[in-house]
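Participant: What follows is work33.cif; its format and atoms are mmCIF, C-alpha atoms.
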data_run
loop_
_atom_site.label_atom_id
_atom_site.label_comp_id
_atom_site.auth_asym_id
_atom_site.auth_seq_id
_atom_site.Cartn_x
_atom_site.Cartn_y
_atom_site.Cartn_z
CA MET A 1 -79.06 -76.46 -35.40
CA LEU A 2 -81.19 -73.37 -35.92
CA ARG A 3 -79.75 -69.95 -36.56
CA PHE A 4 -81.65 -66.71 -37.15
CA ARG A 5 -80.74 -63.08 -36.89
CA TYR A 6 -82.89 -60.07 -36.11
CA THR A 7 -81.91 -57.02 -38.11
CA MET A 8 -82.64 -53.47 -37.05
CA LEU A 9 -85.23 -51.92 -39.38
CA PHE A 10 -84.61 -48.32 -38.51
CA ALA A 11 -82.78 -46.24 -35.93
CA PHE A 12 -84.87 -45.80 -32.85
CA THR A 13 -84.78 -45.25 -29.12
CA VAL A 14 -85.91 -48.38 -27.37
CA THR A 15 -88.54 -48.02 -24.68
CA LEU A 16 -88.98 -51.33 -22.94
CA GLY A 17 -92.51 -52.47 -22.38
CA LEU A 18 -93.85 -50.87 -25.59
CA ALA A 19 -94.63 -52.68 -28.80
CA MET A 20 -91.61 -54.56 -30.12
CA PHE A 21 -90.67 -55.37 -33.68
CA LEU A 22 -88.70 -58.21 -35.13
CA SER A 23 -87.50 -59.04 -38.60
CA CYS A 24 -85.94 -62.38 -39.54
CA SER A 25 -83.27 -62.07 -42.19
CA SER A 26 -80.28 -63.99 -43.45
CA SER A 27 -78.54 -60.87 -44.70
CA SER A 28 -75.96 -58.85 -42.83
CA GLY A 29 -76.64 -55.17 -42.59
CA GLY A 30 -77.46 -52.91 -39.73
CA ASP A 31 -76.23 -49.51 -38.68
CA ASP A 32 -73.00 -49.21 -36.71
CA SER A 33 -73.99 -45.94 -35.02
CA ASP A 34 -75.35 -45.93 -31.47
CA ASN A 35 -78.47 -43.92 -32.33
CA GLY A 36 -79.50 -43.69 -28.70
CA ALA A 37 -80.33 -47.39 -28.28
CA TRP A 38 -79.49 -47.94 -24.67
CA GLY A 39 -76.39 -45.86 -25.41
CA ALA A 40 -78.20 -42.99 -23.68
CA ASN A 41 -78.51 -45.19 -20.56
CA ASN A 42 -82.09 -46.03 -21.54
CA ASP A 43 -83.36 -42.99 -19.72
CA GLY A 44 -82.38 -40.22 -22.09
CA SER A 45 -79.45 -39.06 -19.98
CA SER A 46 -76.19 -38.22 -21.67
CA SER A 47 -72.79 -39.77 -21.09
CA SER A 48 -69.25 -38.45 -21.16
CA ASN A 49 -67.62 -41.75 -22.14
CA GLY A 50 -68.62 -41.65 -25.78
CA ASP A 51 -69.77 -45.28 -25.68
CA GLY A 52 -73.14 -44.77 -24.07
CA THR A 53 -72.04 -45.45 -20.50
CA ASN A 54 -71.96 -43.29 -17.44
CA PRO A 55 -68.29 -43.32 -16.30
CA ASP A 56 -69.35 -44.34 -12.76
CA TRP A 57 -71.72 -47.08 -13.90
CA PRO A 58 -72.56 -49.60 -12.48
CA PHE A 59 -71.66 -48.12 -9.10
CA ASP A 60 -73.71 -45.78 -6.94
CA SER A 61 -73.97 -44.99 -3.24
CA SER A 62 -77.58 -45.98 -2.72
CA ASP A 63 -78.88 -48.78 -0.49
CA GLU A 64 -75.86 -48.82 1.82
CA ALA A 65 -77.58 -48.21 5.14
CA LEU A 66 -76.88 -50.86 7.77
CA GLN A 67 -79.26 -52.37 10.28
CA SER A 68 -78.61 -50.89 13.71
CA THR A 69 -77.12 -53.19 16.34
CA PRO A 70 -76.51 -52.83 20.09
CA GLY A 71 -73.31 -51.36 21.46
CA LEU A 72 -70.79 -53.44 23.37
CA GLU A 73 -72.28 -52.67 26.78
CA ASP A 74 -75.73 -53.86 25.65
CA LEU A 75 -74.61 -57.22 24.24
CA ASN A 76 -74.19 -58.88 27.66
CA LEU A 77 -71.30 -61.01 26.47
CA GLN A 78 -70.08 -63.97 28.50
CA LYS A 79 -66.55 -65.40 28.66
CA VAL A 80 -64.94 -62.11 27.60
CA ILE A 81 -61.24 -61.62 26.91
CA LYS A 82 -60.01 -58.12 26.09
CA ILE A 83 -56.95 -57.31 23.98
CA GLU A 84 -56.03 -53.64 23.59
CA TYR A 85 -53.10 -52.88 21.28
CA LYS A 86 -50.92 -49.94 22.30
CA SER A 87 -49.32 -48.64 19.09
CA GLY A 88 -45.89 -50.22 19.46
CA ASN A 89 -46.00 -50.97 23.18
CA ALA A 90 -47.06 -54.23 24.79
CA PRO A 91 -50.77 -54.94 24.40
CA VAL A 92 -52.99 -54.76 27.48
CA ILE A 93 -54.69 -58.13 27.92
CA THR A 94 -57.53 -58.97 30.30
CA ASN A 95 -57.94 -62.73 30.67
CA THR A 96 -59.41 -64.48 33.72
CA PHE A 97 -59.61 -68.00 32.27
CA SER A 98 -56.97 -70.53 33.23
CA GLU A 99 -57.80 -72.75 30.26
CA VAL A 100 -56.90 -69.91 27.87
CA SER A 101 -53.23 -69.00 27.56
CA ILE A 102 -52.21 -65.74 25.89
CA ASN A 103 -48.60 -65.01 25.00
CA PRO A 104 -47.66 -61.66 23.49
CA THR A 105 -44.35 -61.14 21.71
CA GLY A 106 -44.07 -57.48 20.95
CA GLU A 107 -47.39 -56.67 19.29
CA ASN A 108 -47.97 -60.27 18.17
CA VAL A 109 -50.53 -62.03 20.36
CA VAL A 110 -50.91 -65.84 20.35
CA VAL A 111 -53.98 -67.34 22.04
CA ARG A 112 -54.33 -71.06 22.88
CA ILE A 113 -57.73 -72.31 24.03
CA ASN A 114 -57.22 -75.60 25.84
CA THR A 115 -60.83 -76.77 25.97
CA SER A 116 -63.54 -77.67 23.48
CA GLU A 117 -66.59 -77.21 25.67
CA THR A 118 -67.40 -73.49 25.59
CA GLU A 119 -67.20 -70.28 23.57
CA TYR A 120 -64.98 -67.26 24.20
CA ASN A 121 -65.50 -63.69 23.10
CA PHE A 122 -62.51 -61.50 22.27
CA VAL A 123 -62.92 -57.72 22.33
CA LEU A 124 -60.19 -56.12 20.22
CA SER A 125 -59.24 -52.44 20.25
CA GLY A 126 -56.27 -50.14 19.75
CA ILE A 127 -53.48 -49.97 17.15
CA ALA A 128 -50.80 -52.50 16.30
CA ASN A 129 -48.21 -51.08 13.91
CA ASN A 130 -46.55 -54.46 13.32
CA GLY A 131 -48.54 -57.07 15.16
CA SER A 132 -51.11 -59.81 14.85
CA LEU A 133 -53.67 -62.00 16.54
CA LYS A 134 -53.41 -65.78 16.18
CA ILE A 135 -55.91 -68.09 17.86
CA TYR A 136 -55.51 -71.84 18.34
CA GLY A 137 -58.39 -73.92 19.65
CA ASP A 138 -61.24 -75.98 18.32
CA VAL A 139 -64.07 -74.00 19.90
CA ARG A 140 -66.49 -71.41 18.68
CA LYS A 141 -65.28 -67.90 19.23
CA GLY A 142 -66.51 -64.35 18.88
CA LEU A 143 -64.30 -61.49 17.72
CA TYR A 144 -65.78 -58.12 18.64
CA LEU A 145 -63.89 -55.44 16.70
CA ASN A 146 -64.08 -52.28 18.76
CA GLY A 147 -62.02 -49.81 16.76
CA VAL A 148 -58.98 -52.01 16.20
CA SER A 149 -56.20 -51.50 13.64
CA ILE A 150 -53.72 -54.33 13.06
CA THR A 151 -50.90 -54.31 10.50
CA ASN A 152 -48.67 -57.38 10.21
CA ASN A 153 -45.73 -57.06 7.82
CA THR A 154 -44.93 -60.79 7.82
CA GLY A 155 -48.28 -62.60 7.92
CA PRO A 156 -52.02 -62.34 8.50
CA ALA A 157 -53.32 -59.62 10.76
CA ILE A 158 -55.84 -62.13 12.18
CA ASN A 159 -55.13 -65.86 11.88
CA ILE A 160 -57.62 -68.39 13.29
CA GLN A 161 -56.14 -71.89 13.38
CA GLY A 162 -59.24 -73.68 14.68
CA GLY A 163 -61.96 -75.36 12.66
CA LYS A 164 -65.05 -74.08 14.52
CA ARG A 165 -67.12 -71.06 13.50
CA ALA A 166 -65.87 -67.56 14.33
CA LEU A 167 -68.39 -64.73 14.66
CA VAL A 168 -66.85 -61.40 13.66
CA HIS A 169 -68.96 -58.60 15.10
CA LEU A 170 -68.19 -55.10 13.85
CA LEU A 171 -69.31 -53.05 16.81
CA ASN A 172 -71.76 -50.26 16.19
CA GLY A 173 -70.12 -47.02 15.03
CA THR A 174 -66.56 -48.40 14.93
CA GLN A 175 -64.01 -48.33 12.14
CA ASN A 176 -61.61 -51.26 12.02
CA PHE A 177 -58.56 -51.94 9.85
CA LEU A 178 -56.46 -55.00 8.93
CA ALA A 179 -53.40 -55.11 6.66
CA ASP A 180 -50.57 -57.47 5.83
CA GLY A 181 -47.22 -57.22 4.01
CA PRO A 182 -45.96 -58.63 0.71
CA ASN A 183 -44.04 -61.54 2.33
CA TYR A 184 -45.22 -64.08 4.91
CA ASN A 185 -43.21 -65.98 7.52
CA ILE A 186 -45.48 -68.87 8.50
CA PRO A 187 -44.66 -71.90 10.71
CA SER A 188 -44.34 -75.20 8.88
CA GLY A 189 -47.62 -77.09 8.63
CA GLU A 190 -49.84 -74.03 8.99
CA GLN A 191 -51.88 -72.27 6.33
CA ALA A 192 -52.21 -68.52 6.00
CA LYS A 193 -53.76 -67.40 2.74
CA GLY A 194 -54.60 -63.80 3.42
CA THR A 195 -54.84 -60.80 5.70
CA PHE A 196 -57.78 -62.30 7.60
CA PHE A 197 -57.52 -66.10 7.56
CA SER A 198 -59.67 -68.72 9.26
CA GLU A 199 -59.80 -72.48 9.07
CA GLY A 200 -63.41 -72.43 10.29
CA LYS A 201 -66.45 -70.54 9.05
CA LEU A 202 -66.38 -66.74 9.25
CA LEU A 203 -69.69 -65.05 10.05
CA PHE A 204 -69.77 -61.25 9.92
CA ASP A 205 -72.36 -59.15 11.72
CA GLY A 206 -72.70 -55.80 13.49
CA SER A 207 -73.11 -52.28 12.20
CA GLY A 208 -69.51 -51.07 12.15
CA SER A 209 -67.00 -51.17 9.31
CA LEU A 210 -63.89 -53.19 8.48
CA GLU A 211 -61.27 -52.21 5.91
CA VAL A 212 -58.91 -54.96 4.73
CA ARG A 213 -55.79 -54.51 2.61
CA ALA A 214 -53.88 -57.44 1.16
CA LYS A 215 -50.39 -57.16 -0.30
CA TYR A 216 -49.50 -60.87 -0.19
CA LYS A 217 -52.54 -62.79 -1.50
CA HIS A 218 -56.23 -62.75 -0.53
CA ALA A 219 -57.88 -60.18 1.73
CA ILE A 220 -60.30 -62.55 3.51
CA ALA A 221 -59.62 -66.27 3.13
CA VAL A 222 -61.54 -69.05 4.84
CA ASP A 223 -61.15 -72.82 4.54
CA ASN A 224 -64.87 -73.23 5.24
CA ASP A 225 -67.91 -70.98 4.70
CA PHE A 226 -68.08 -67.20 4.51
CA GLU A 227 -71.28 -65.42 5.58
CA ILE A 228 -72.19 -61.77 6.11
CA ARG A 229 -75.45 -60.64 7.69
CA ASN A 230 -74.66 -57.01 8.42
CA GLY A 231 -71.73 -54.62 8.59
CA ARG A 232 -69.57 -52.86 6.04
CA ILE A 233 -66.48 -54.59 4.63
CA ILE A 234 -64.18 -52.59 2.38
CA ILE A 235 -61.40 -54.43 0.58
CA ASN A 236 -58.88 -52.11 -1.05
CA GLY A 237 -56.61 -53.43 -3.79
CA ALA A 238 -56.20 -57.09 -2.81
CA ALA A 239 -53.13 -58.64 -4.46
CA ASN A 240 -55.25 -61.68 -5.33
CA ASP A 241 -58.88 -62.39 -4.37
CA GLY A 242 -61.04 -60.17 -2.24
CA ILE A 243 -63.03 -62.95 -0.53
CA HIS A 244 -61.85 -66.52 -1.07
CA ALA A 245 -63.77 -69.41 0.51
CA ASN A 246 -63.30 -73.15 0.14
CA ASP A 247 -67.01 -73.72 0.63
CA MET A 248 -70.25 -71.72 0.64
CA ILE A 249 -70.49 -67.94 0.38
CA GLU A 250 -73.66 -66.31 1.70
CA VAL A 251 -74.45 -62.61 1.54
CA LYS A 252 -77.63 -61.93 3.51
CA GLY A 253 -77.09 -58.26 4.30
CA GLY A 254 -74.48 -55.60 4.86
CA VAL A 255 -72.25 -53.91 2.29
CA LEU A 256 -69.25 -55.41 0.51
CA LYS A 257 -67.00 -53.07 -1.47
CA ILE A 258 -64.15 -54.90 -3.13
CA THR A 259 -61.31 -53.89 -5.42
CA SER A 260 -58.91 -56.70 -6.28
CA LYS A 261 -56.38 -57.79 -8.85
CA GLY A 262 -57.74 -61.32 -8.64
CA ASP A 263 -61.33 -62.43 -8.33
CA ALA A 264 -63.52 -60.29 -6.10
CA ILE A 265 -65.44 -63.27 -4.68
CA GLN A 266 -64.53 -66.93 -5.17
CA SER A 267 -65.96 -70.22 -3.90
CA GLU A 268 -63.91 -73.33 -4.68
CA ASN A 269 -66.35 -76.15 -3.83
CA GLU A 270 -68.49 -77.60 -6.61
CA TYR A 271 -71.03 -78.77 -4.00
CA SER A 272 -71.39 -75.34 -2.40
CA ALA A 273 -73.18 -72.27 -3.70
CA VAL A 274 -72.65 -68.55 -3.81
CA MET A 275 -75.98 -67.37 -2.37
CA ILE A 276 -76.78 -63.64 -2.38
CA THR A 277 -80.16 -62.80 -0.86
CA GLY A 278 -79.66 -59.29 0.49
CA GLY A 279 -77.20 -56.50 1.10
CA LYS A 280 -75.08 -54.79 -1.50
CA ILE A 281 -71.95 -55.87 -3.35
CA ALA A 282 -69.83 -53.43 -5.37
CA ALA A 283 -66.89 -55.30 -6.91
CA THR A 284 -64.05 -54.21 -9.20
CA THR A 285 -61.32 -56.48 -10.61
CA THR A 286 -58.41 -55.49 -12.84
CA ASP A 287 -56.18 -58.41 -13.86
CA ILE A 288 -56.48 -60.74 -16.86
CA LYS A 289 -59.15 -63.41 -16.27
CA SER A 290 -60.09 -61.89 -12.92
CA HIS A 291 -63.79 -62.24 -12.30
CA GLY A 292 -66.38 -60.50 -10.18
CA ILE A 293 -67.95 -63.69 -8.78
CA ILE A 294 -66.58 -67.13 -9.59
CA SER A 295 -68.00 -70.38 -8.26
CA GLU A 296 -67.44 -74.06 -8.90
CA GLY A 297 -71.01 -74.61 -7.75
CA PRO A 298 -74.22 -72.67 -8.45
CA THR A 299 -74.59 -68.90 -8.13
CA ILE A 300 -77.98 -67.69 -6.88
CA ILE A 301 -79.06 -64.04 -6.60
CA LYS A 302 -82.54 -63.20 -5.32
CA ASP A 303 -84.81 -61.16 -3.07
CA LYS A 304 -83.44 -57.66 -2.36
CA ALA A 305 -79.82 -58.27 -3.28
CA ILE A 306 -77.94 -55.52 -5.12
CA VAL A 307 -74.86 -56.63 -7.04
CA GLN A 308 -72.69 -54.22 -9.04
CA ILE A 309 -69.65 -55.62 -10.87
CA SER A 310 -67.02 -54.03 -13.10
CA VAL A 311 -64.18 -56.13 -14.54
CA SER A 312 -61.53 -54.62 -16.80
CA GLY A 313 -59.10 -57.46 -17.47
CA ASN A 314 -58.95 -59.27 -20.81
CA GLY A 315 -60.97 -62.47 -20.66
CA SER A 316 -62.61 -61.45 -17.38
CA LYS A 317 -66.18 -62.41 -16.51
CA GLY A 318 -68.63 -60.54 -14.34
CA ILE A 319 -69.99 -63.87 -13.10
CA LEU A 320 -68.37 -67.21 -13.93
CA SER A 321 -70.07 -70.41 -12.74
CA ARG A 322 -69.00 -73.97 -13.45
CA ASN A 323 -72.61 -74.88 -12.65
CA TYR A 324 -75.93 -73.02 -13.04
CA VAL A 325 -76.92 -69.42 -12.32
CA ASP A 326 -80.35 -68.45 -10.96
CA PHE A 327 -81.29 -64.78 -10.99
CA LEU A 328 -84.56 -64.69 -9.08
CA GLY A 329 -84.80 -61.06 -7.99
CA GLY A 330 -82.89 -58.02 -6.88
CA LYS A 331 -80.70 -55.89 -9.10
CA LEU A 332 -77.63 -57.16 -10.95
CA SER A 333 -75.47 -54.75 -13.00
CA ILE A 334 -72.33 -55.90 -14.80
CA LYS A 335 -69.78 -54.04 -16.91
CA THR A 336 -66.85 -55.66 -18.69
CA SER A 337 -64.34 -53.45 -20.48
CA GLY A 338 -61.64 -55.92 -21.49
CA THR A 339 -61.18 -57.79 -24.73
CA ARG A 340 -60.16 -61.39 -25.40
CA SER A 341 -57.23 -62.91 -23.56
CA ILE A 342 -54.94 -65.08 -25.69
CA ASP A 343 -52.58 -67.66 -24.18
CA ASN A 344 -49.98 -68.61 -26.78
CA SER A 345 -48.16 -70.99 -24.43
CA VAL A 346 -50.48 -73.83 -25.47
CA THR A 347 -51.34 -75.27 -28.88
CA PRO A 348 -53.75 -74.25 -30.21
CA PRO A 349 -53.73 -70.89 -28.37
CA ASP A 350 -56.32 -70.61 -25.61
CA THR A 351 -58.64 -67.64 -26.09
CA SER A 352 -61.22 -66.36 -23.66
CA ALA A 353 -63.59 -63.47 -24.32
CA ALA A 354 -64.62 -60.97 -21.70
CA THR A 355 -68.23 -61.79 -20.81
CA GLY A 356 -70.91 -60.49 -18.48
CA ILE A 357 -72.12 -63.93 -17.37
CA LYS A 358 -70.47 -67.21 -18.37
CA LEU A 359 -71.82 -70.51 -17.08
CA ALA A 360 -71.54 -74.21 -17.71
CA THR A 361 -75.19 -75.23 -17.50
CA ASP A 362 -78.50 -73.31 -17.37
CA LEU A 363 -79.31 -69.67 -16.68
CA SER A 364 -82.72 -69.06 -15.12
CA ILE A 365 -84.12 -65.52 -14.82
CA LYS A 366 -87.32 -65.24 -12.80
CA GLY A 367 -87.41 -61.59 -11.71
CA GLY A 368 -85.42 -58.52 -10.84
CA GLU A 369 -83.37 -56.23 -13.05
CA LEU A 370 -80.38 -57.57 -14.99
CA THR A 371 -78.18 -55.11 -16.89
CA ILE A 372 -75.01 -56.08 -18.76
CA LYS A 373 -72.68 -53.85 -20.77
CA SER A 374 -69.76 -55.68 -22.39
CA LEU A 375 -68.23 -53.09 -24.67
CA GLY A 376 -64.62 -54.21 -25.05
CA ASP A 377 -63.55 -55.70 -28.39
CA LYS A 378 -65.21 -59.11 -28.93
CA ALA A 379 -66.84 -59.04 -25.50
CA LYS A 380 -70.07 -60.99 -24.99
CA GLY A 381 -73.11 -60.38 -22.84
CA ILE A 382 -74.13 -63.89 -21.74
CA ASN A 383 -72.51 -67.16 -22.79
CA THR A 384 -74.08 -70.40 -21.56
CA ASP A 385 -73.17 -73.98 -22.44
CA ARG A 386 -76.81 -75.02 -22.14
CA ASN A 387 -80.12 -73.16 -21.88
CA ILE A 388 -81.51 -69.76 -20.92
CA ILE A 389 -85.01 -69.66 -19.45
CA ILE A 390 -86.60 -66.26 -18.73
CA SER A 391 -90.00 -66.14 -17.03
CA ALA A 392 -90.00 -62.67 -15.43
CA GLY A 393 -87.84 -59.64 -14.84
CA ASN A 394 -86.24 -56.89 -16.88
CA VAL A 395 -83.19 -57.84 -18.96
CA ASN A 396 -80.96 -55.31 -20.75
CA ILE A 397 -77.82 -56.44 -22.61
CA ASP A 398 -75.46 -54.33 -24.71
CA ALA A 399 -72.43 -56.23 -26.07
CA ASP A 400 -69.70 -55.72 -28.62
CA ASP A 401 -69.94 -59.36 -29.73
CA ASP A 402 -72.91 -61.69 -29.24
CA GLY A 403 -75.47 -60.39 -26.78
CA MET A 404 -76.58 -63.90 -25.86
CA ARG A 405 -74.58 -66.94 -26.96
CA VAL A 406 -76.81 -69.93 -26.19
CA HIS A 407 -75.47 -73.42 -26.89
CA GLY A 408 -78.82 -74.93 -25.95
CA ASN A 409 -82.32 -73.43 -26.17
CA LEU A 410 -83.61 -69.94 -25.39
CA LYS A 411 -87.08 -69.86 -23.83
CA ILE A 412 -88.81 -66.60 -22.90
CA ASP A 413 -92.09 -67.07 -21.04
CA GLY A 414 -92.30 -63.59 -19.54
CA GLY A 415 -90.43 -60.47 -18.61
CA ILE A 416 -89.03 -57.72 -20.82
CA VAL A 417 -85.89 -58.58 -22.75
CA TYR A 418 -83.72 -56.24 -24.80
CA VAL A 419 -80.48 -57.53 -26.34
CA LYS A 420 -78.08 -55.58 -28.54
CA SER A 421 -74.89 -56.56 -30.33
CA ARG A 422 -72.73 -53.77 -31.67
CA LYS A 423 -70.81 -55.90 -34.17
CA LYS A 424 -72.31 -59.38 -34.34
CA ASN A 425 -75.57 -61.04 -33.30
CA ALA A 426 -77.95 -60.04 -30.58
CA ILE A 427 -78.87 -63.72 -30.17
CA ASP A 428 -76.72 -66.62 -31.35
CA CYS A 429 -78.61 -69.78 -30.42
CA ASP A 430 -77.80 -73.35 -31.45
CA GLY A 431 -81.19 -74.70 -30.39
CA THR A 432 -84.75 -73.45 -30.54
CA VAL A 433 -86.01 -70.01 -29.59
CA THR A 434 -89.46 -69.50 -28.09
CA GLY A 435 -91.14 -66.33 -26.87
CA ARG A 436 -89.82 -64.02 -29.59
CA ASP A 437 -92.73 -61.65 -29.07
CA LYS A 438 -91.26 -60.75 -25.67
CA LEU A 439 -87.80 -60.00 -27.10
CA THR A 440 -86.32 -56.95 -28.75
CA ALA A 441 -83.06 -57.89 -30.45
CA VAL A 442 -80.83 -55.36 -32.24
CA ASP A 443 -78.03 -56.55 -34.52
CA LYS A 444 -75.37 -54.18 -35.75
CA GLY A 445 -74.31 -56.44 -38.60
CA GLY A 446 -71.88 -59.34 -38.62
CA ALA A 447 -71.59 -63.07 -39.04
CA GLY A 448 -73.97 -65.94 -38.40
CA GLY A 449 -77.09 -64.27 -37.23
CA PHE A 450 -79.82 -65.24 -34.83
#
Mind turning this structure into structure tokens?
Facilitator:
Amino acid sequence: MLRFRYTMLFAFTVTLGLAMFLSCSSSSGGDDSDNGAWGANNDGSSSSNGDGTNPDWPFDSSDEALQSTPGLEDLNLQKVIKIEYKSGNAPVITNTFSEVSINPTGENVVVRINTSETEYNFVLSGIANNGSLKIYGDVRKGLYLNGVSITNNTGPAINIQGGKRALVHLLNGTQNFLADGPNYNIPSGEQAKGTFFSEGKLLFDGSGSLEVRAKYKHAIAVDNDFEIRNGRIIINGAANDGIHANDMIEVKGGVLKITSKGDAIQSENEYSAVMITGGKIAATTTDIKSHGIISEGPTIIKDKAIVQISVSGNGSKGILSRNYVDFLGGKLSIKTSGTRSIDNSVTPPDTSAATGIKLATDLSIKGGELTIKSLGDKAKGINTDRNIIISAGNVNIDADDDGMRVHGNLKIDGGIVYVKSRKKNAIDCDGTVTGRDKLTAVDKGGAGGF
């Protein structure tokens, strides 16, 4: 086991890309003042938080333009069924297909598709004050949201009980809204895990917007894959997770803005990935051990993806992967503001530190811009059970505790890497460290040392 620690030689403002200095020392020491090192946002700008952070960071309003898509009349849809809610009155339903039965009860609409050989497209509009849409049928379906608002006080606003893919198209220029209530009344044998629930894959597209509110559990829950290619999804204050999928999560475009008590984005399958290749994610979580992105499988961020995460709960992670994390491009910004969570119900007590990125295997950084600020008491920047390999990109880490806690080896072949610990070690590595000439590490004094 090798341990070293870089000690700050003098107070300075770090400019990445210029000549770096390193000093190996076994002594403690270091200056506990900020002295402008990244505390001035690395660009000389001032901050009103007193801890070197802009109060709005990591969020901004840039890069939120959507790709334009055709209007309803230009889509030339086939097999169309129209449902127009009438704000408390009976919905107006247009259905010319004998194999599709539609039964409204008040504002609650139940659809049964009695064939498996075709695809039907549902155009939804109007307002349901206490209603829902439930679809049975093992066929592909399209849901074209054309300015629809559905609130269901006793269950999901939209509930798809078939296993085939559902395309959710947010029609150009429309604003759509879904909400549930705090208690569900669900038939025996059925699942309903959130405001928008589907047993089959959900694929979002279009250039409109969808706001989802969840008082019971998740906002969007799918027992298969979740994918977004375009469109704007806004999740406000989910009682549990923002987006919860049993399998793969793919973000290829569009804008996701999520505030949740639970995890913002979660994939449960160890054989499926969270793959973010485009679009923009802005995620906020607030409860203890509530994470920005959590996956049992790998998490991969690349290309033009923009991911902004802020987690405030004790023990919360910006990204938590039970597998590996690849950051191959794009822009990833993470802020944690919580401290350690301590569970005294077990012996010995279970403790979990707030951390920017926590993963079970290897972290690979091959491009893009990665910024982590973990400034709560004992919060870490990156904590990996195995190795970190950096070959390109720009890495900035500012942590209260260890900047990088590496249980394996740290290898830096390229890129620009700046790591700061305010109280402990910039780098705490159990294995070997290579590429020190590409690293600027700033300790503020503490135990162990890199």
Participant: List as a VMD selection string the protein and nucleic acid residues near A:Gln67, meaning an atom at most 8 Å away when all atoms listed in the file are counted, but skip any in the same chain fewer than 3 places from it.
Facilitator: chain A and resid 207 230 254
Participant: Quick one: contact table of stretch 229-334 of chain A to stretch 361-378 of chain A, 7 Å max, nearest atom pair and distance in Å to one decimal per residue, counting all atoms listed in the file, chain and number order, as a tab-separated table?
Facilitator:
residue	atom	partner	partner_atom	distance
A:Asn323	CA	A:Thr361	CA	5.5
A:Tyr324	CA	A:Thr361	CA	5.0
A:Val325	CA	A:Leu363	CA	5.0
A:Asp326	CA	A:Ser364	CA	4.8
A:Phe327	CA	A:Ile365	CA	4.8
A:Leu328	CA	A:Lys366	CA	4.7
A:Gly329	CA	A:Gly368	CA	3.9
A:Gly330	CA	A:Gly368	CA	4.7
A:Lys331	CA	A:Glu369	CA	4.8
A:Leu332	CA	A:Leu370	CA	4.9
A:Ser333	CA	A:Thr371	CA	4.8
A:Ile334	CA	A:Ile372	CA	4.8
Participant: Output C-alpha atoms for every residue in that selection, as a short mmCIF file (atom, residue, chain, number, x, y, z; two decimals), in the coordinates of the input.
Facilitator:
data_model
loop_
_atom_site.label_atom_id
_atom_site.label_comp_id
_atom_site.auth_asym_id
_atom_site.auth_seq_id
_atom_site.Cartn_x
_atom_site.Cartn_y
_atom_site.Cartn_z
CA ASN A 323 -72.61 -74.88 -12.65
CA TYR A 324 -75.93 -73.02 -13.04
CA VAL A 325 -76.92 -69.42 -12.32
CA ASP A 326 -80.35 -68.45 -10.96
CA PHE A 327 -81.29 -64.78 -10.99
CA LEU A 328 -84.56 -64.69 -9.08
CA GLY A 329 -84.80 -61.06 -7.99
CA GLY A 330 -82.89 -58.02 -6.88
CA LYS A 331 -80.70 -55.89 -9.10
CA LEU A 332 -77.63 -57.16 -10.95
CA SER A 333 -75.47 -54.75 -13.00
CA ILE A 334 -72.33 -55.90 -14.80
#
Participant: Evaluate the PyMOL selection byres ((chain A and resi 268) around 6) against this structure - the residues, as an mmCIF file with C-alpha atoms, in the frame of the given file, please.
Facilitator:
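And here is the file that came out, out.cif:
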data_model
loop_
_atom_site.group_PDB
_atom_site.id
_atom_site.type_symbol
_atom_site.label_atom_id
_atom_site.label_comp_id
_atom_site.auth_asym_id
_atom_site.auth_seq_id
_atom_site.Cartn_x
_atom_site.Cartn_y
_atom_site.Cartn_z
ATOM 1 C CA ASN A 246 -63.300 -73.150 0.140
ATOM 2 C CA SER A 267 -65.960 -70.220 -3.900
ATOM 3 C CA ASN A 269 -66.350 -76.150 -3.830
ATOM 4 C CA GLU A 296 -67.440 -74.060 -8.900
#
Participant: How many Å lie between atom CA of A:Glu73 and atom CA of A:Ser98, rounded to one decimal?
Facilitator: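 Interatomic distance here is 24.4 Å.
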Participant: Between atom CA of A:Ala245 and atom CA of A:Pro104, what is the spacing in Å?
Facilitator: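 Separation of atom CA of A:Pro104 and atom CA of A:Ala245: 29.1 Å.
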Participant: Which neighbours of stretch 403-411 of chain A fall inside 8 Å, counting all atoms listed in the file, when residues of the same chain fewer than 3 positions from it are skipped, and could you give them as a list in words?
Facilitator: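 Residues near the query, excluding close chain neighbours: Lys380, Gly381, Ile382, Asn383, Thr384, Asp385, Arg386, Asn387, Ile388, Ile389, Ile390, Ile397, Asp398, Ala399, Asp400, Val419, Lys420, Ser421, Asn425, Ala426, Ile427, Asp428, Cys429, Asp430, Gly431, Thr432, Val433, Thr434 and Gly435 of chain A.
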Participant: Tell me which of A:Trp57, A:Phe204, A:Tyr216, A:Phe196 sits closest to A:Pro182, counting all atoms listed in the file.
Facilitator: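 Closest to A:Pro182, using all atoms listed in the file: A:Tyr216.
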